[in-house]
file run_8.pdb (PDB, C-alpha atoms)
ATOM      1  CA  MET F   8     -37.863 -20.555  86.292
ATOM      2  CA  PHE F   9     -40.669 -18.376  84.981
ATOM      3  CA  SER F  10     -44.354 -18.361  85.794
ATOM      4  CA  TYR F  11     -47.391 -17.534  83.765
ATOM      5  CA  ALA F  12     -50.815 -17.251  85.393
ATOM      6  CA  LYS F  13     -54.223 -17.099  83.792
ATOM      7  CA  ARG F  14     -57.748 -17.438  85.149
ATOM      8  CA  ILE F  15     -59.848 -20.044  83.319
ATOM      9  CA  ASP F  16     -62.848 -22.295  83.951
ATOM     10  CA  HIS F  17     -62.554 -26.034  84.711
ATOM     11  CA  ILE F  18     -59.571 -27.349  82.761
ATOM     12  CA  CYS F  19     -57.245 -30.332  82.689
ATOM     13  CA  LEU F  20     -54.206 -30.174  80.404
ATOM     14  CA  GLY F  21     -51.435 -32.334  79.132
ATOM     15  CA  GLU F  22     -49.887 -35.736  79.399
ATOM     16  CA  TRP F  23     -48.560 -35.832  82.900
ATOM     17  CA  TRP F  24     -45.848 -37.728  84.641
ATOM     18  CA  GLN F  25     -46.920 -36.559  88.067
ATOM     19  CA  SER F  26     -50.233 -35.179  89.209
ATOM     20  CA  LYS F  27     -52.354 -34.359  92.201
ATOM     21  CA  GLU F  28     -56.012 -34.620  91.240
ATOM     22  CA  HIS F  29     -57.625 -31.232  90.643
ATOM     23  CA  GLU F  30     -54.489 -29.420  91.904
ATOM     24  CA  LEU F  31     -51.340 -30.143  89.891
ATOM     25  CA  ILE F  32     -50.179 -31.563  86.578
ATOM     26  CA  ARG F  33     -46.408 -31.821  86.076
ATOM     27  CA  ILE F  34     -45.050 -32.589  82.607
ATOM     28  CA  GLU F  35     -41.787 -32.765  80.696
ATOM     29  CA  TRP F  36     -42.019 -31.308  77.242
ATOM     30  CA  GLY F  37     -40.427 -29.555  74.297
ATOM     31  CA  GLU F  38     -36.997 -29.049  72.831
ATOM     32  CA  PRO F  39     -34.909 -28.412  74.787
ATOM     33  CA  ARG F  40     -36.553 -30.756  77.298
ATOM     34  CA  THR F  41     -37.964 -28.778  80.252
ATOM     35  CA  LYS F  42     -40.472 -29.306  83.045
ATOM     36  CA  ALA F  43     -43.764 -27.475  83.480
ATOM     37  CA  ASP F  44     -46.185 -27.444  86.398
ATOM     38  CA  PHE F  45     -49.835 -26.553  85.926
ATOM     39  CA  LYS F  46     -51.231 -25.636  89.340
ATOM     40  CA  PHE F  47     -55.014 -25.330  89.627
ATOM     41  CA  GLU F  48     -56.575 -23.171  92.339
ATOM     42  CA  LYS F  49     -60.351 -23.295  92.732
ATOM     43  CA  ILE F  50     -61.963 -19.864  92.942
ATOM     44  CA  SER F  51     -65.603 -20.979  92.850
ATOM     45  CA  ALA F  52     -67.682 -23.883  91.547
ATOM     46  CA  MET F  53     -67.283 -22.536  87.994
ATOM     47  CA  GLU F  54     -63.896 -20.803  88.127
ATOM     48  CA  THR F  55     -60.324 -22.047  88.332
ATOM     49  CA  TYR F  56     -57.086 -20.073  88.373
ATOM     50  CA  VAL F  57     -54.157 -21.743  86.610
ATOM     51  CA  VAL F  58     -50.510 -20.954  87.333
ATOM     52  CA  ILE F  59     -47.939 -22.398  84.929
ATOM     53  CA  LYS F  60     -44.285 -22.676  85.929
ATOM     54  CA  ASN F  61     -41.741 -23.772  83.319
ATOM     55  CA  TYR F  62     -38.332 -24.684  84.761
ATOM     56  CA  ASP F  63     -35.100 -26.662  84.365
ATOM     57  CA  ILE F  64     -34.498 -24.738  81.161
ATOM     58  CA  PRO F  65     -30.940 -25.488  79.985
ATOM     59  CA  LEU F  66     -30.438 -22.168  78.210
ATOM     60  CA  GLU F  67     -28.810 -18.834  78.979
ATOM     61  CA  GLY F  68     -28.836 -15.262  77.730
ATOM     62  CA  GLU F  69     -30.732 -14.415  74.584
ATOM     63  CA  ALA F  70     -31.614 -18.073  73.903
ATOM     64  CA  LEU F  71     -33.342 -18.257  77.310
ATOM     65  CA  ILE F  72     -35.223 -14.993  76.729
ATOM     66  CA  ASN F  73     -36.438 -16.178  73.315
ATOM     67  CA  PHE F  74     -37.495 -19.526  74.808
ATOM     68  CA  VAL F  75     -39.478 -17.816  77.590
ATOM     69  CA  ILE F  76     -41.247 -15.506  75.124
ATOM     70  CA  ASP F  77     -42.150 -18.405  72.808
ATOM     71  CA  SER F  78     -43.264 -20.686  75.636
ATOM     72  CA  THR F  79     -45.420 -17.998  77.236
ATOM     73  CA  GLY F  80     -47.198 -17.469  73.921
ATOM     74  CA  GLY F  81     -47.680 -21.207  73.511
ATOM     75  CA  PHE F  82     -49.106 -21.668  76.996
ATOM     76  CA  THR F  83     -51.466 -18.744  76.405
ATOM     77  CA  THR F  84     -52.718 -20.305  73.172
ATOM     78  CA  VAL F  85     -53.350 -23.680  74.829
ATOM     79  CA  LEU F  86     -55.238 -22.129  77.738
ATOM     80  CA  ASP F  87     -57.284 -19.908  75.420
ATOM     81  CA  ALA F  88     -58.261 -22.902  73.274
ATOM     82  CA  ALA F  89     -59.189 -24.982  76.327
ATOM     83  CA  LYS F  90     -61.310 -22.168  77.731
ATOM     84  CA  ILE F  91     -63.209 -21.718  74.450
ATOM     85  CA  HIS F  92     -63.779 -25.465  74.203
ATOM     86  CA  LEU F  93     -64.934 -25.903  77.792
ATOM     87  CA  GLU F  94     -67.173 -22.824  77.936
ATOM     88  CA  HIS F  95     -68.704 -22.974  74.465
ATOM     89  CA  ASP F  96     -68.148 -26.561  73.255
ATOM     90  CA  ILE F  97     -66.251 -25.216  70.234
ATOM     91  CA  GLN F  98     -63.037 -26.771  68.910
ATOM     92  CA  PRO F  99     -61.118 -23.567  68.036
ATOM     93  CA  ASN F 100     -57.973 -25.239  66.595
ATOM     94  CA  LEU F 101     -55.836 -22.367  67.904
ATOM     95  CA  VAL F 102     -52.890 -24.646  68.655
ATOM     96  CA  GLN F 103     -53.036 -26.366  65.258
ATOM     97  CA  ASP F 104     -53.301 -22.994  63.499
ATOM     98  CA  LYS F 105     -50.362 -21.536  65.435
ATOM     99  CA  PHE F 106     -48.185 -24.651  65.128
ATOM    100  CA  PRO F 107     -48.983 -26.335  61.785
ATOM    101  CA  PRO F 108     -47.343 -29.720  61.036
ATOM    102  CA  PHE F 109     -45.016 -28.107  58.487
ATOM    103  CA  LYS F 110     -42.388 -25.369  58.709
TER     104      LYS F 110
END
call {"tool": "encode", "arguments": {"input": "run_8.pdb", "output": "structure tokens"}}
result
Amino acid sequence: MFSYAKRIDHICLGEWWQSKEHELIRIEWGEPRTKADFKFEKISAMETYVVIKNYDIPLEGEALINFVIDSTGGFTTVLDAAKIHLEHDIQPNLVQDKFPPFK
């Protein structure tokens, strides 16, 4: 399991299969299929701290390290885009730019 934490303002992410309103979103995603928890901790009326844990990763060695590096970058991009959108009402398209529909 690895964790990634980032402070952001009011955010709700993902298609969830389990959630606890305003506290937790749990999803299954990606290839290979893994689980990710998005835990939301209120700091103030306008600030939320998000901790992301990605686990049940069926990889080992270098493949696991590469997966963790890639996933951390992806989670960062999603949170950055959500923060820009929520704070400034701008659709930054960071995710679409980073992961275009072609290879």
call {"tool": "closest_atom_pairs", "arguments": {"input": "run_8.pdb", "of": "region 84-106 of chain F", "to": "region 41-63 of chain F", "cutoff": "12 Å", "atoms": "all atoms listed in the file", "output": "tab-separated table"}}
result
residue	atom	partner	partner_atom	distance
F:Val85	CA	F:Ile59	CA	11.5
F:Leu86	CA	F:Val57	CA	8.9
F:Asp87	CA	F:Val57	CA	11.8
F:Ala89	CA	F:Val57	CA	11.9
F:Lys90	CA	F:Thr55	CA	10.6
F:Leu93	CA	F:Met53	CA	11.0
F:Glu94	CA	F:Met53	CA	10.1
call {"tool": "resolve_selection", "arguments": {"input": "run_8.pdb", "expression": "the PyMOL selection byres ((chain F and resi 75-81) around 12)", "output": "number ranges by chain"}}
result
F: 8-13, 36-39, 41-43, 58-74, 82-88, 101-106
call {"tool": "write_last_selection", "arguments": {"input": "run_8.pdb", "atoms": "C-alpha atoms", "output": "PDB file, keeping the file's coordinate frame"}}
result
ATOM      1  CA  MET F   8     -37.863 -20.555  86.292  1.00  0.00           C
ATOM      2  CA  PHE F   9     -40.669 -18.376  84.981  1.00  0.00           C
ATOM      3  CA  SER F  10     -44.354 -18.361  85.794  1.00  0.00           C
ATOM      4  CA  TYR F  11     -47.391 -17.534  83.765  1.00  0.00           C
ATOM      5  CA  ALA F  12     -50.815 -17.251  85.393  1.00  0.00           C
ATOM      6  CA  LYS F  13     -54.223 -17.099  83.792  1.00  0.00           C
ATOM      7  CA  TRP F  36     -42.019 -31.308  77.242  1.00  0.00           C
ATOM      8  CA  GLY F  37     -40.427 -29.555  74.297  1.00  0.00           C
ATOM      9  CA  GLU F  38     -36.997 -29.049  72.831  1.00  0.00           C
ATOM     10  CA  PRO F  39     -34.909 -28.412  74.787  1.00  0.00           C
ATOM     11  CA  THR F  41     -37.964 -28.778  80.252  1.00  0.00           C
ATOM     12  CA  LYS F  42     -40.472 -29.306  83.045  1.00  0.00           C
ATOM     13  CA  ALA F  43     -43.764 -27.475  83.480  1.00  0.00           C
ATOM     14  CA  VAL F  58     -50.510 -20.954  87.333  1.00  0.00           C
ATOM     15  CA  ILE F  59     -47.939 -22.398  84.929  1.00  0.00           C
ATOM     16  CA  LYS F  60     -44.285 -22.676  85.929  1.00  0.00           C
ATOM     17  CA  ASN F  61     -41.741 -23.772  83.319  1.00  0.00           C
ATOM     18  CA  TYR F  62     -38.332 -24.684  84.761  1.00  0.00           C
ATOM     19  CA  ASP F  63     -35.100 -26.662  84.365  1.00  0.00           C
ATOM     20  CA  ILE F  64     -34.498 -24.738  81.161  1.00  0.00           C
ATOM     21  CA  PRO F  65     -30.940 -25.488  79.985  1.00  0.00           C
ATOM     22  CA  LEU F  66     -30.438 -22.168  78.210  1.00  0.00           C
ATOM     23  CA  GLU F  67     -28.810 -18.834  78.979  1.00  0.00           C
ATOM     24  CA  GLY F  68     -28.836 -15.262  77.730  1.00  0.00           C
ATOM     25  CA  GLU F  69     -30.732 -14.415  74.584  1.00  0.00           C
ATOM     26  CA  ALA F  70     -31.614 -18.073  73.903  1.00  0.00           C
ATOM     27  CA  LEU F  71     -33.342 -18.257  77.310  1.00  0.00           C
ATOM     28  CA  ILE F  72     -35.223 -14.993  76.729  1.00  0.00           C
ATOM     29  CA  ASN F  73     -36.438 -16.178  73.315  1.00  0.00           C
ATOM     30  CA  PHE F  74     -37.495 -19.526  74.808  1.00  0.00           C
ATOM     31  CA  PHE F  82     -49.106 -21.668  76.996  1.00  0.00           C
ATOM     32  CA  THR F  83     -51.466 -18.744  76.405  1.00  0.00           C
ATOM     33  CA  THR F  84     -52.718 -20.305  73.172  1.00  0.00           C
ATOM     34  CA  VAL F  85     -53.350 -23.680  74.829  1.00  0.00           C
ATOM     35  CA  LEU F  86     -55.238 -22.129  77.738  1.00  0.00           C
ATOM     36  CA  ASP F  87     -57.284 -19.908  75.420  1.00  0.00           C
ATOM     37  CA  ALA F  88     -58.261 -22.902  73.274  1.00  0.00           C
ATOM     38  CA  LEU F 101     -55.836 -22.367  67.904  1.00  0.00           C
ATOM     39  CA  VAL F 102     -52.890 -24.646  68.655  1.00  0.00           C
ATOM     40  CA  GLN F 103     -53.036 -26.366  65.258  1.00  0.00           C
ATOM     41  CA  ASP F 104     -53.301 -22.994  63.499  1.00  0.00           C
ATOM     42  CA  LYS F 105     -50.362 -21.536  65.435  1.00  0.00           C
ATOM     43  CA  PHE F 106     -48.185 -24.651  65.128  1.00  0.00           C
TER      44      PHE F 106
END
call {"tool": "axis_aligned_box", "arguments": {"input": "run_8.pdb", "around": "region 78-87 of chain F", "padding_each_side": "3 Å", "output": "AutoDock Vina command-line options"}}
result
--center_x -50.3 --center_y -20.6 --center_z 75.5 --size_x 20.0 --size_y 12.2 --size_z 10.6
